[in-house]
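Data from coords-v6.cif: mmCIF, C-alpha atoms
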```
data_query
#
loop_
_atom_site.label_atom_id
_atom_site.label_comp_id
_atom_site.auth_asym_id
_atom_site.auth_seq_id
_atom_site.Cartn_x
_atom_site.Cartn_y
_atom_site.Cartn_z
CA MET A 1461 22.91 -29.60 -0.61
CA SER A 1462 26.13 -30.82 -2.21
CA ASP A 1463 24.31 -33.55 -4.17
CA LYS A 1464 24.13 -32.82 -7.85
CA VAL A 1465 20.93 -33.44 -9.75
CA THR A 1466 20.23 -33.48 -13.45
CA ILE A 1467 17.25 -31.55 -14.75
CA THR A 1468 15.93 -30.69 -18.18
CA ILE A 1469 15.05 -27.11 -19.06
CA ASP A 1470 13.76 -26.60 -22.63
CA ASP A 1471 15.40 -29.87 -23.81
CA CYS A 1472 18.79 -28.91 -22.32
CA LYS A 1473 20.30 -31.25 -19.74
CA ILE A 1474 21.64 -29.28 -16.79
CA THR A 1475 23.38 -30.40 -13.61
CA ALA A 1476 22.75 -28.29 -10.54
CA PRO A 1477 23.11 -28.58 -6.75
CA GLU A 1478 20.02 -30.15 -5.23
CA GLY A 1479 17.62 -27.76 -3.54
CA GLU A 1480 18.71 -24.66 -5.40
CA LYS A 1481 15.82 -22.66 -6.77
CA LEU A 1482 14.99 -23.31 -10.40
CA LEU A 1483 15.13 -19.61 -11.34
CA TRP A 1484 18.79 -19.29 -10.38
CA VAL A 1485 19.74 -22.59 -12.03
CA ALA A 1486 18.15 -21.40 -15.27
CA LEU A 1487 19.71 -17.94 -15.13
CA ASP A 1488 23.17 -19.40 -14.36
CA ASN A 1489 22.84 -21.54 -17.50
CA ASP A 1490 21.86 -18.62 -19.73
CA ILE A 1491 18.20 -19.58 -19.92
CA TYR A 1492 16.22 -16.42 -19.32
CA ILE A 1493 13.13 -16.47 -17.13
CA PRO A 1494 11.54 -13.05 -16.48
CA ASN A 1495 11.85 -11.95 -12.85
CA LEU A 1496 11.65 -8.77 -10.78
CA CYS A 1497 11.26 -9.51 -7.09
CA ALA A 1498 13.78 -12.35 -6.72
CA LEU A 1499 17.11 -11.93 -4.93
CA LYS A 1500 19.55 -14.81 -4.67
CA GLU A 1501 20.44 -14.10 -1.03
CA LYS A 1502 16.80 -14.23 0.02
CA ASP A 1503 15.96 -17.58 1.64
CA ARG A 1504 12.21 -17.20 1.34
CA PRO A 1505 11.30 -15.63 -2.00
CA SER A 1506 8.33 -13.29 -1.88
CA ALA A 1507 7.17 -14.54 -5.32
CA SER A 1508 5.17 -11.36 -5.70
CA CYS A 1509 5.97 -10.22 -9.24
CA ARG A 1510 4.30 -13.28 -10.84
CA LEU A 1511 6.61 -13.16 -13.84
CA CYS A 1512 8.81 -16.25 -13.44
CA PHE A 1513 6.15 -18.82 -14.29
CA VAL A 1514 7.33 -22.07 -15.91
CA GLU A 1515 5.65 -25.30 -16.92
CA VAL A 1516 6.79 -28.35 -14.95
CA LYS A 1517 6.06 -31.91 -16.13
CA GLY A 1518 3.68 -33.57 -13.71
CA ILE A 1519 2.20 -30.35 -12.31
CA SER A 1520 -0.96 -29.20 -14.07
CA ASP A 1521 -0.66 -25.44 -13.43
CA PRO A 1522 2.37 -23.25 -14.14
CA VAL A 1523 4.61 -22.71 -11.10
CA THR A 1524 6.84 -19.81 -10.07
CA ALA A 1525 10.47 -20.73 -10.76
CA CYS A 1526 11.81 -18.68 -7.85
CA THR A 1527 10.05 -20.89 -5.27
CA LEU A 1528 10.70 -24.29 -6.85
CA PRO A 1529 13.72 -26.23 -5.54
CA VAL A 1530 15.28 -28.44 -8.21
CA THR A 1531 14.99 -32.21 -7.79
CA GLU A 1532 16.33 -35.14 -9.81
CA GLY A 1533 14.67 -35.63 -13.17
CA LEU A 1534 12.76 -32.33 -13.21
CA VAL A 1535 11.47 -31.49 -16.69
CA VAL A 1536 10.79 -27.82 -17.24
CA LYS A 1537 9.50 -25.77 -20.15
CA THR A 1538 9.95 -22.02 -19.90
CA ARG A 1539 7.36 -21.19 -22.57
CA SER A 1540 3.85 -22.47 -23.11
CA PRO A 1541 0.56 -20.76 -23.97
CA GLU A 1542 -0.52 -20.79 -20.31
CA VAL A 1543 2.78 -19.37 -19.08
CA ASP A 1544 2.79 -16.69 -21.77
CA ARG A 1545 -0.76 -15.68 -20.88
CA LEU A 1546 0.06 -15.34 -17.17
CA VAL A 1547 3.28 -13.44 -17.81
CA LYS A 1548 1.56 -11.16 -20.32
CA THR A 1549 -1.18 -10.22 -17.85
CA ALA A 1550 1.27 -9.67 -15.00
CA PHE A 1551 3.51 -7.54 -17.22
CA GLU A 1552 0.61 -5.45 -18.53
CA LEU A 1553 -0.64 -4.81 -15.00
CA LEU A 1554 2.85 -3.74 -13.91
CA ILE A 1555 3.17 -1.41 -16.89
CA THR A 1556 -0.22 0.28 -16.33
CA ASP A 1557 0.95 2.08 -13.19
CA HIS A 1558 4.60 2.45 -14.17
CA ARG A 1559 5.54 5.82 -15.57
CA LEU A 1560 6.88 5.28 -19.08
CA GLY A 1561 9.12 7.67 -20.95
CA CYS A 1562 12.15 5.44 -21.11
CA LYS A 1563 14.31 8.03 -22.87
CA LYS A 1564 14.28 10.25 -19.79
CA CYS A 1565 14.62 7.35 -17.36
CA PRO A 1566 17.99 6.85 -15.64
CA ALA A 1567 17.58 3.06 -16.00
CA ASN A 1568 17.15 3.21 -19.76
CA ASN A 1569 18.77 0.11 -21.34
CA SER A 1570 19.42 -1.46 -17.94
CA CYS A 1571 15.76 -1.78 -16.98
CA GLU A 1572 14.36 -5.22 -16.20
CA LEU A 1573 11.00 -4.27 -17.70
CA GLN A 1574 12.68 -3.43 -21.00
CA LYS A 1575 14.51 -6.75 -20.88
CA ILE A 1576 11.31 -8.72 -20.26
CA SER A 1577 9.55 -6.82 -23.00
CA LYS A 1578 12.36 -7.61 -25.43
CA GLU A 1579 12.72 -11.28 -24.47
CA ARG A 1580 9.03 -12.11 -24.52
CA GLY A 1581 7.88 -9.66 -27.18
CA LEU A 1582 5.52 -7.82 -24.86
CA LYS A 1583 4.33 -4.32 -25.67
CA TYR A 1584 4.34 -1.33 -23.31
CA LYS A 1585 0.92 -0.24 -24.46
CA SER A 1586 -1.82 -2.56 -23.31
CA LYS A 1587 -5.05 -2.88 -25.24
CA ARG A 1588 -6.90 -4.08 -22.17
CA PHE A 1589 -5.84 -1.70 -19.44
CA LYS A 1590 -5.95 2.05 -19.29
CA PRO A 1591 -2.70 3.52 -17.92
CA PHE A 1592 -2.97 4.63 -14.31
CA GLU A 1593 -0.57 7.49 -13.77
CA LYS A 1594 0.67 7.71 -10.20
CA ASP A 1595 1.06 11.31 -9.15
CA GLU A 1596 3.84 10.95 -6.61
CA PRO A 1597 6.42 13.65 -5.98
CA ILE A 1598 10.05 12.71 -6.64
CA ASP A 1599 12.16 12.52 -3.49
CA GLU A 1600 15.32 14.49 -4.22
CA SER A 1601 16.32 15.10 -0.64
CA MET A 1602 19.34 12.81 -0.72
CA GLU A 1603 22.67 13.84 -2.17
CA GLN A 1604 23.62 10.58 -3.83
CA PHE A 1605 20.37 9.26 -5.27
CA ILE A 1606 16.81 10.16 -6.11
CA PHE A 1607 13.63 8.19 -5.50
CA ASP A 1608 10.90 8.40 -8.13
CA ARG A 1609 7.87 6.49 -6.82
CA SER A 1610 5.94 6.72 -10.06
CA ARG A 1611 8.49 4.38 -11.64
CA CYS A 1612 8.39 1.93 -8.72
CA VAL A 1613 7.03 -1.56 -9.46
CA LEU A 1614 6.80 -2.58 -5.76
CA CYS A 1615 9.12 -5.55 -6.20
CA GLY A 1616 10.34 -5.16 -2.61
CA ARG A 1617 14.03 -5.68 -3.37
CA CYS A 1618 15.05 -2.33 -1.86
CA VAL A 1619 13.03 -2.99 1.30
CA TRP A 1620 14.63 -6.38 1.75
CA VAL A 1621 18.24 -5.20 1.34
CA ASP A 1622 17.51 -2.20 3.55
CA HIS A 1623 16.38 -4.56 6.32
CA HIS A 1624 18.71 -7.53 5.83
CA VAL A 1625 21.87 -6.36 4.04
CA ALA A 1626 22.27 -2.75 5.12
CA GLU A 1627 20.29 -3.37 8.34
CA VAL A 1628 19.13 0.23 8.48
CA GLY A 1629 15.34 0.06 8.44
CA ALA A 1630 14.70 3.35 6.68
CA ILE A 1631 12.16 2.24 4.09
CA GLY A 1632 9.25 -0.17 4.04
CA PHE A 1633 5.90 -0.80 2.44
CA SER A 1634 2.90 1.16 3.61
CA LEU A 1635 -0.79 1.43 2.76
CA ARG A 1636 -2.67 -1.27 0.90
CA GLY A 1637 -3.93 -2.19 -2.54
CA ILE A 1638 -3.59 0.37 -5.31
CA LYS A 1639 -2.21 2.94 -2.84
CA ARG A 1640 0.62 0.66 -1.68
CA LYS A 1641 4.01 2.29 -1.90
CA VAL A 1642 7.52 2.26 -0.53
CA THR A 1643 7.85 4.98 2.10
CA THR A 1644 9.91 6.04 5.06
CA PHE A 1645 8.40 6.24 8.54
CA GLY A 1646 5.57 8.77 8.38
CA ASP A 1647 6.07 9.15 4.61
CA TYR A 1648 8.63 11.89 5.20
CA ASP A 1649 11.53 12.60 2.86
CA LEU A 1650 14.47 10.20 2.91
CA ALA A 1651 16.64 12.93 4.41
CA ASP A 1652 14.43 12.89 7.54
CA SER A 1653 14.74 9.10 7.90
CA PRO A 1654 17.50 6.90 9.38
CA CYS A 1655 18.82 6.36 5.81
CA THR A 1656 22.62 6.19 5.75
CA GLU A 1657 22.97 6.64 1.97
CA CYS A 1658 24.76 3.31 1.65
CA GLY A 1659 23.24 2.90 -1.79
CA GLU A 1660 22.46 -0.82 -1.42
CA CYS A 1661 18.81 -0.27 -2.35
CA VAL A 1662 19.77 1.69 -5.47
CA LYS A 1663 21.97 -1.17 -6.68
CA VAL A 1664 19.14 -3.72 -6.55
CA CYS A 1665 16.37 -1.57 -8.02
CA PRO A 1666 15.34 -3.35 -11.27
CA VAL A 1667 13.79 -0.20 -12.76
CA GLY A 1668 14.54 3.51 -12.58
CA ALA A 1669 12.74 4.23 -9.31
CA LEU A 1670 15.93 4.51 -7.28
CA SER A 1671 18.86 5.92 -9.23
CA PHE A 1672 22.20 7.48 -8.45
CA ASN A 1673 22.66 11.16 -9.18
CA GLU A 1674 25.03 11.79 -12.02
CA MET B 257 -19.01 -22.77 -31.61
CA LEU B 258 -16.95 -23.36 -28.50
CA ARG B 259 -14.16 -21.22 -29.87
CA ARG B 260 -16.58 -18.33 -30.40
CA ASN B 261 -17.98 -18.71 -26.90
CA ILE B 262 -14.49 -18.49 -25.46
CA ASP B 263 -13.81 -15.36 -27.51
CA VAL B 264 -17.00 -13.72 -26.25
CA PHE B 265 -16.11 -14.66 -22.70
CA GLU B 266 -12.59 -13.23 -23.05
CA GLU B 267 -14.00 -10.00 -24.46
CA CYS B 268 -16.44 -9.60 -21.57
CA LYS B 269 -13.71 -10.34 -19.05
CA ASN B 270 -11.38 -7.79 -20.63
CA LYS B 271 -14.09 -5.13 -20.55
CA ALA B 272 -14.70 -5.83 -16.88
CA LEU B 273 -10.97 -5.56 -16.15
CA LEU B 274 -10.75 -2.30 -18.06
CA LYS B 275 -13.65 -0.86 -16.10
CA PHE B 276 -11.99 -1.92 -12.86
CA VAL B 277 -8.70 -0.21 -13.73
CA ILE B 278 -10.51 2.99 -14.76
CA MET B 279 -12.30 2.95 -11.41
CA LEU B 280 -8.98 2.58 -9.59
CA GLY B 281 -7.57 5.49 -11.54
CA GLU B 282 -10.07 7.83 -9.98
CA LEU B 283 -8.86 7.20 -6.44
CA ASN B 284 -7.07 10.00 -4.65
CA CYS B 285 -3.64 9.64 -3.16
CA VAL B 286 -3.10 10.29 0.53
CA LYS B 287 -0.69 13.19 0.85
CA GLU B 288 0.46 13.29 4.42
CA MET B 289 0.31 10.62 7.06
CA PHE B 290 0.64 12.32 10.41
CA LEU B 291 -1.42 15.39 9.72
CA LEU B 292 -1.98 16.94 13.12
CA GLU B 293 0.50 18.54 15.42
CA LEU B 294 0.35 17.29 18.97
CA LEU B 295 -1.02 19.60 21.63
CA GLU B 296 1.10 20.83 24.49
CA GLY B 297 1.74 18.10 27.04
CA GLU B 298 0.10 15.52 24.82
CA LYS B 299 3.36 13.79 23.95
CA GLU B 300 4.17 13.14 27.61
CA PHE B 301 0.69 11.74 28.16
CA ILE B 302 1.00 9.47 25.11
CA LEU B 303 4.41 8.12 26.13
CA GLU B 304 3.18 7.49 29.67
CA GLN B 305 0.18 5.53 28.46
CA VAL B 306 2.21 3.56 25.91
CA SER B 307 4.90 2.55 28.40
CA GLU B 308 2.17 1.42 30.76
CA ILE B 309 0.73 -0.83 28.04
CA LEU B 310 4.17 -2.10 27.02
CA LYS B 311 4.93 -2.99 30.64
CA ASN B 312 1.82 -5.12 31.01
CA ASN B 313 2.06 -7.01 27.72
CA ARG B 314 4.43 -9.29 25.90
CA THR B 315 6.71 -7.25 23.66
CA GLU B 316 7.42 -9.61 20.82
CA ARG B 317 6.94 -9.08 17.16
CA GLU B 318 4.05 -11.55 16.89
CA ASN B 319 2.23 -9.55 19.56
CA LEU B 320 2.51 -6.31 17.58
CA VAL B 321 -1.07 -6.09 16.29
CA PRO B 322 -2.69 -6.67 19.72
CA LEU B 323 -0.31 -4.03 21.15
CA LEU B 324 -1.33 -1.49 18.52
CA GLN B 325 -4.99 -2.30 19.16
CA LYS B 326 -4.52 -1.75 22.89
CA VAL B 327 -2.74 1.57 22.34
CA GLN B 328 -5.52 2.68 20.02
CA GLY B 329 -8.07 1.52 22.57
CA VAL B 330 -6.60 3.90 25.15
CA LEU B 331 -5.58 6.87 22.98
CA GLY B 332 -8.18 6.57 20.22
CA TYR B 333 -5.50 6.59 17.53
CA LEU B 334 -1.81 5.83 16.92
CA PRO B 335 0.24 9.00 17.22
CA GLU B 336 3.79 9.26 15.89
CA PRO B 337 5.62 9.04 19.25
CA ALA B 338 3.58 5.98 20.24
CA ILE B 339 4.59 4.08 17.09
CA GLU B 340 8.22 5.05 17.55
CA LYS B 341 8.18 3.91 21.16
CA ILE B 342 6.58 0.55 20.33
CA ALA B 343 9.07 -0.07 17.53
CA LYS B 344 11.99 0.74 19.81
CA THR B 345 10.75 -1.61 22.53
CA ILE B 346 10.15 -4.52 20.14
CA ASP B 347 13.46 -3.68 18.42
CA ILE B 348 12.19 -3.49 14.83
CA PRO B 349 12.41 -0.56 12.41
CA ALA B 350 9.69 2.04 13.02
CA VAL B 351 8.80 1.90 9.34
CA ASP B 352 7.62 -1.71 9.74
CA VAL B 353 5.15 -0.74 12.47
CA PHE B 354 4.10 2.20 10.34
CA GLY B 355 3.49 -0.10 7.36
CA LEU B 356 1.32 -2.34 9.50
CA ALA B 357 -0.64 0.58 10.93
CA THR B 358 -1.38 1.94 7.47
CA PHE B 359 -2.25 -1.52 6.13
CA TYR B 360 -5.18 -2.28 8.42
CA ASN B 361 -8.33 -0.21 8.23
CA GLN B 362 -8.96 -0.55 11.94
CA LEU B 363 -5.77 1.27 12.89
CA ARG B 364 -5.76 5.03 12.44
CA LEU B 365 -2.98 7.60 12.49
CA ASN B 366 -5.18 10.64 13.04
CA PRO B 367 -7.27 11.28 16.16
CA PRO B 368 -11.03 10.80 15.93
CA GLY B 369 -12.77 14.14 15.74
CA LYS B 370 -15.54 15.45 17.98
CA TYR B 371 -17.89 14.58 15.15
CA GLN B 372 -16.92 11.30 13.51
CA ILE B 373 -18.31 11.23 10.01
CA LYS B 374 -18.53 7.78 8.44
CA VAL B 375 -19.63 7.74 4.83
CA CYS B 376 -21.13 4.44 3.75
CA MET B 377 -19.54 2.88 0.69
CA GLY B 378 -21.53 -0.35 0.67
CA THR B 379 -22.94 -1.68 -2.57
CA ALA B 380 -26.21 0.29 -2.52
CA CYS B 381 -24.62 3.57 -1.37
CA HIS B 382 -21.79 3.14 -3.87
CA MET B 383 -24.22 2.62 -6.75
CA ILE B 384 -26.42 5.58 -5.84
CA GLY B 385 -23.50 7.99 -5.48
CA GLY B 386 -21.77 7.60 -2.12
CA GLN B 387 -18.60 8.84 -3.79
CA ILE B 388 -20.29 12.20 -4.45
CA ILE B 389 -21.23 12.52 -0.77
CA LEU B 390 -17.70 11.63 0.31
CA GLU B 391 -16.27 14.16 -2.11
CA SER B 392 -18.62 16.87 -0.85
CA PHE B 393 -17.41 16.26 2.69
CA GLU B 394 -13.81 16.26 1.50
CA ARG B 395 -14.29 19.57 -0.29
CA ARG B 396 -16.17 21.23 2.56
CA LEU B 397 -13.81 20.07 5.30
CA ASP B 398 -10.68 20.37 3.12
CA ILE B 399 -9.40 16.96 4.19
CA VAL B 400 -9.33 13.59 2.46
CA GLU B 401 -10.83 10.35 3.68
CA GLY B 402 -9.05 9.04 6.79
CA GLU B 403 -8.02 12.46 8.06
CA THR B 404 -9.12 14.86 10.79
CA THR B 405 -9.58 18.63 10.52
CA PRO B 406 -6.77 20.60 12.22
CA ASP B 407 -9.16 21.78 14.97
CA ARG B 408 -10.02 18.09 15.63
CA LYS B 409 -13.70 18.83 15.16
CA CYS B 410 -14.51 16.48 12.27
CA SER B 411 -12.93 13.24 11.16
CA LEU B 412 -13.89 11.63 7.90
CA GLU B 413 -13.77 7.96 7.00
CA ARG B 414 -15.39 5.50 4.64
CA VAL B 415 -17.04 2.38 5.94
CA ALA B 416 -18.61 -0.66 4.36
CA CYS B 417 -22.35 -1.27 4.61
CA VAL B 418 -24.03 0.12 7.75
CA GLY B 419 -27.18 -1.92 7.13
CA CYS B 420 -29.79 0.58 5.97
CA CYS B 421 -29.49 0.35 2.22
CA ALA B 422 -33.10 1.46 1.68
CA ILE B 423 -32.17 5.04 2.54
CA ALA B 424 -28.88 5.12 0.57
CA PRO B 425 -26.63 7.09 0.39
CA VAL B 426 -26.07 6.95 4.12
CA VAL B 427 -23.70 8.73 6.47
CA VAL B 428 -23.20 7.95 10.17
CA VAL B 429 -22.27 10.85 12.45
CA ASN B 430 -21.42 9.68 15.98
CA GLU B 431 -23.80 6.69 15.85
CA PHE B 432 -26.56 8.88 14.37
CA ILE B 433 -27.68 7.79 10.91
CA GLU B 434 -28.55 10.25 8.13
CA GLY B 435 -30.11 8.80 5.00
CA SER B 436 -30.97 9.87 1.45
CA LEU B 437 -28.15 12.39 1.44
CA THR B 438 -27.50 15.06 -1.16
CA PRO B 439 -24.55 17.45 -1.35
CA THR B 440 -26.88 20.19 -0.04
CA ARG B 441 -27.68 18.09 3.00
CA VAL B 442 -23.92 17.70 3.56
CA ASP B 443 -23.73 21.48 4.04
CA GLY B 444 -26.74 21.19 6.34
CA ILE B 445 -25.04 18.58 8.52
CA LEU B 446 -21.91 20.70 8.82
CA LEU B 447 -23.99 23.78 9.70
CA GLN B 448 -25.76 21.71 12.32
CA PHE B 449 -22.39 20.98 13.97
CA ASP B 450 -21.76 24.73 14.30
CA GLY B 451 -25.24 25.14 15.77
CA ASP B 452 -24.67 22.33 18.26
CA ASP B 453 -21.34 23.83 19.27
CA GLN B 454 -22.88 27.27 19.84
CA GLU B 455 -25.67 25.75 21.90
CA GLU B 456 -23.14 23.85 23.96
CA GLU B 457 -21.11 26.98 24.57
CA ALA B 458 -24.22 28.93 25.50
CA GLY B 459 -25.23 26.12 27.88
CA GLU B 460 -21.80 26.15 29.50
CA GLN B 461 -21.89 29.93 29.91
CA GLU B 462 -25.32 29.74 31.47
CA GLN B 463 -24.13 27.10 33.88
CA GLU B 464 -21.15 29.23 34.79
CA GLN B 465 -23.34 32.26 35.32
CA GLU B 466 -25.73 30.22 37.42
CA SER B 467 -22.95 28.87 39.59
CA GLU B 468 -21.49 32.39 39.92
CA GLY B 469 -24.95 33.74 40.71
CA GLY B 470 -25.39 31.01 43.31
CA GLN B 471 -22.10 32.00 44.95
CA ASP B 472 -23.16 35.67 45.02
CA SER B 473 -26.44 35.05 46.81
#
```
How does the structure come out when it is put into structure tokens?
Amino acid sequence: MSDKVTITIDDCKITAPEGEKLLWVALDNDIYIPNLCALKEKDRPSASCRLCFVEVKGISDPVTACTLPVTEGLVVKTRSPEVDRLVKTAFELLITDHRLGCKKCPANNSCELQKISKERGLKYKSKRFKPFEKDEPIDESMEQFIFDRSRCVLCGRCVWVDHHVAEVGAIGFSLRGIKRKVTTFGDYDLADSPCTECGECVKVCPVGALSFNE
Amino acid sequence: MLRRNIDVFEECKNKALLKFVIMLGELNCVKEMFLLELLEGEKEFILEQVSEILKNNRTERENLVPLLQKVQGVLGYLPEPAIEKIAKTIDIPAVDVFGLATFYNQLRLNPPGKYQIKVCMGTACHMIGGQIILESFERRLDIVEGETTPDRKCSLERVACVGCCAIAPVVVVNEFIEGSLTPTRVDGILLQFDGDDQEEEAGEQEQEQESEGGQDS
């Protein structure tokens, strides 16, 4: 792992430790690639948000940057028509079932979705998809934070830190397809779960689904 | 020419996607997961059965789905204490087992009712209005799909094709198939349950009376 390799991202020569994932190499060198589900500590990325697509020389289809280990002589382009199309569709689908109203959102100005929208010039209102408003009650049972499921983008960061960093096991994914959501055991309130209010999950939430009370 | 064809194709695809998302928007959300309260003494019975199954099987994470299937095979469903017990034995968070149980259609959290209503949502039934039939049942029974009435009389679920598309929309009640349904017929089916129950009760009473009468003479 200590071997250094040289790669090219958007015509910039970058040296990075071999085997590190491309997404983190790019982000460390101030090259932005949209991402939601990635966590640096996670050995096996879930690659579920489908936002970190890049074009790699020698591979015909765009690849997800969070799963690609860097190797010597890698040539990467972060933008191309194919990449933009994929990212646009993924972003629009995420936005359709995400409750907007950024002014009232606790994550306003720190939201990853806002950042992606700004960086890639993507609009919140999709011409193709009708918004699908989730009608989930807000969980306000905890003292320190609230959980608003209608803002959740199902990135899975909170579930991962809950299981592997905090090692509590209070929240997880349940149901399937369009009904999929982050719940406690039995879909009870967080106050009735083993949650210890450590706040790890709130820190990693990329949007305003989990937010500290002010 | 090619450019125009691509544009037409994109337009059609977008329309199809839009339709799909609108369809998804009409789905209901499940409100509660464990709906029914356990009867007296039921918890002890459940725990006994579950520990029996756990004793006779490998308790590793990769064996979780077969374990859940076995528990459901014995109890008919996966009650809350059973899931908690399994999670504790395998040493994983209960919420993970819960996520798995809600993911698969085969696994159910609510007990099957005396009358198991399965509304067909195959292609033919879906096109001819299976959703309307399902909604009529939901309204009449005051439960949503996947749940059981509090008296455990009726359970409602949606299934894929049952294989008699000619008489769509179809509903299967305890292996008995009803075809060409209308919302009025839904009321009829539910009335029929009451009738069957009353007959059963009357039959039981008669039997009791007969046995009592036999003792007297």
Requested in this report: Measuring atom to atom with all atoms listed in the file, identify which of A:Gly1518, A:Pro1477, A:Gly1637, A:Gly1659 is nearest to chain B.
Outcome: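 Distance minimum relative to chain B lands on A:Gly1637.
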Requested in this report: Provide as a list in words the residues of chain A at most 7 Å from chain B, counting all atoms listed in the file.
Outcome: Arg1588, Phe1589, Lys1590, Phe1592, Gly1629, Ala1630, Ile1631, Gly1632, Phe1633, Ser1634, Leu1635, Arg1636, Lys1639, Thr1644, Phe1645, Gly1646 and Asp1647 of chain A
Query - Selection dump of the PyMOL selection byres ((chain A and resi 1625) around 12), as number ranges by chain - result: A: 1499, 1501-1502, 1617-1624, 1626-1629, 1658-1661, 1663-1664
Query raised in the report: Given the file above and the PyMOL selection byres ((chain A and resi 1600-1602) around 8), which residues are selected, and can you give them as a list in words?
Result: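 Evaluating the PyMOL selection byres ((chain A and resi 1600-1602) around 8) on this file yields Ile1598, Asp1599, Glu1603, Gln1604, Phe1605, Ile1606, Phe1607, Asp1649, Leu1650, Ala1651 and Glu1657 of chain A.
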Requested in this report: Write out as a list in words the residues lying within 12 Å of Leu294 in chain B, counting all atoms listed in the file and excluding same-chain residues fewer than 5 positions away.
Outcome: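 Non-adjacent residues within range: Lys299, Glu300, Phe301, Ile302, Leu334, Pro335, Glu336, Pro337, Ala338, Asn366, Pro367, Pro406, Asp407 and Arg408 of chain B.
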Query raised in the report: Residues at most 12 Å from Asp1544 in chain A, counting only C-alpha atoms, excluding those fewer than 2 positions away in the same chain, as JSON, numbers by chain?
Result: {"A": [1493, 1494, 1510, 1511, 1512, 1513, 1514, 1515, 1522, 1537, 1538, 1539, 1540, 1541, 1542, 1546, 1547, 1548, 1549, 1550, 1551, 1552, 1576, 1579, 1580, 1581, 1582]}
Report task. Determine the residue set returned by the PyMOL selection byres ((chain B and resi 385-389) around 9) for the present structure, and present it as a list of chain:residue names. Result ->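 Residues picked by the PyMOL selection byres ((chain B and resi 385-389) around 9): B:Val375, B:Cys376, B:Met377, B:Gly378, B:Ala380, B:Cys381, B:His382, B:Met383, B:Ile384, B:Leu390, B:Glu391, B:Ser392, B:Phe393, B:Glu394, B:Ala424, B:Pro425, B:Val426, B:Val427, B:Leu437, B:Thr438, B:Pro439, B:Val442.
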With C-alpha atoms retained, write the just-selected residues as a tab-separated table (two decimals), in the coordinates of the input.
```tsv
chain	number	residue	atom	x	y	z
B	375	VAL	CA	-19.63	7.74	4.83
B	376	CYS	CA	-21.13	4.44	3.75
B	377	MET	CA	-19.54	2.88	0.69
B	378	GLY	CA	-21.53	-0.35	0.67
B	380	ALA	CA	-26.21	0.29	-2.52
B	381	CYS	CA	-24.62	3.57	-1.37
B	382	HIS	CA	-21.79	3.14	-3.87
B	383	MET	CA	-24.22	2.62	-6.75
B	384	ILE	CA	-26.42	5.58	-5.84
B	390	LEU	CA	-17.70	11.63	0.31
B	391	GLU	CA	-16.27	14.16	-2.11
B	392	SER	CA	-18.62	16.87	-0.85
B	393	PHE	CA	-17.41	16.26	2.69
B	394	GLU	CA	-13.81	16.26	1.50
B	424	ALA	CA	-28.88	5.12	0.57
B	425	PRO	CA	-26.63	7.09	0.39
B	426	VAL	CA	-26.07	6.95	4.12
B	427	VAL	CA	-23.70	8.73	6.47
B	437	LEU	CA	-28.15	12.39	1.44
B	438	THR	CA	-27.50	15.06	-1.16
B	439	PRO	CA	-24.55	17.45	-1.35
B	442	VAL	CA	-23.92	17.70	3.56
```
Report summary line: As a check of understanding: the span from CA of Glu1593 in chain A to CA of Ser1610 in chain A is 7.5 Å
Requested in this report: Find the spatial neighbours of Thr1531 in chain A, counting all atoms listed in the file, within a cut-off of 12 Å - ignore same-chain residues fewer than 3 positions away - and output them as a list in words.
Outcome: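 Returned residues: Met1461, Asp1463, Lys1464, Val1465, Thr1466, Ile1467, Thr1468, Ile1474, Thr1475, Ala1476, Pro1477, Glu1478, Gly1479, Glu1480, Lys1481, Leu1482, Val1485, Val1516, Leu1528, Leu1534, Val1535 and Val1536 of chain A.
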Can you tell me, as JSON, the centre and edge lengths (Å, one decimal) of the axis-aligned box enclosing all of range 357-365 of chain B's listed atoms after padding each side by 8 Å?
```
{"center_x": -4.8, "center_y": 2.7, "center_z": 9.5, "size_x": 24.3, "size_y": 25.9, "size_z": 22.8}
```
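Interatomic distance, CA of Asp1608 in chain A to CA of Gly1668 in chain A: 7.5 Å.
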Query raised in the report: Expressed in Å to a single decimal, how great is the separation between CA of Arg1559 in chain A and CA of Arg1640 in chain A?
Result: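 A separation of 15.6 Å between them.
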Query raised in the report: Within 12 Å of range 303-306 of chain B, counting only C-alpha atoms, which residues qualify if same-chain residues fewer than 5 places away don't, as a PyMOL selection string?
Result: chain B and resi 297-298+311-313+315+323-345
Query raised in the report: For Ala1507 in chain A, which residue out of A:Cys1615, A:Leu1560, A:Leu1487, A:Val1662 is the nearest one, using all atoms listed in the file?
Result: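 Result for the nearest residue to Ala1507 in chain A: A:Cys1615.
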Report task. Point out the residue among B:Leu295, B:Ile373, B:Leu310, B:Leu320 with the least atom-to-atom distance to Lys409 in chain B, counting all atoms listed in the file. Result ->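 Checking each of B:Leu295, B:Ile373, B:Leu310, B:Leu320 against Lys409 in chain B, counting all atoms listed in the file, the winner is B:Ile373.
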Report task. Between B:Gln463, B:Ser411, B:Arg396, B:Glu456, single out the one closest to Thr440 in chain B, counting only C-alpha atoms. Result ->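 Comparing B:Gln463, B:Ser411, B:Arg396, B:Glu456 against Thr440 in chain B, the winner is B:Arg396.
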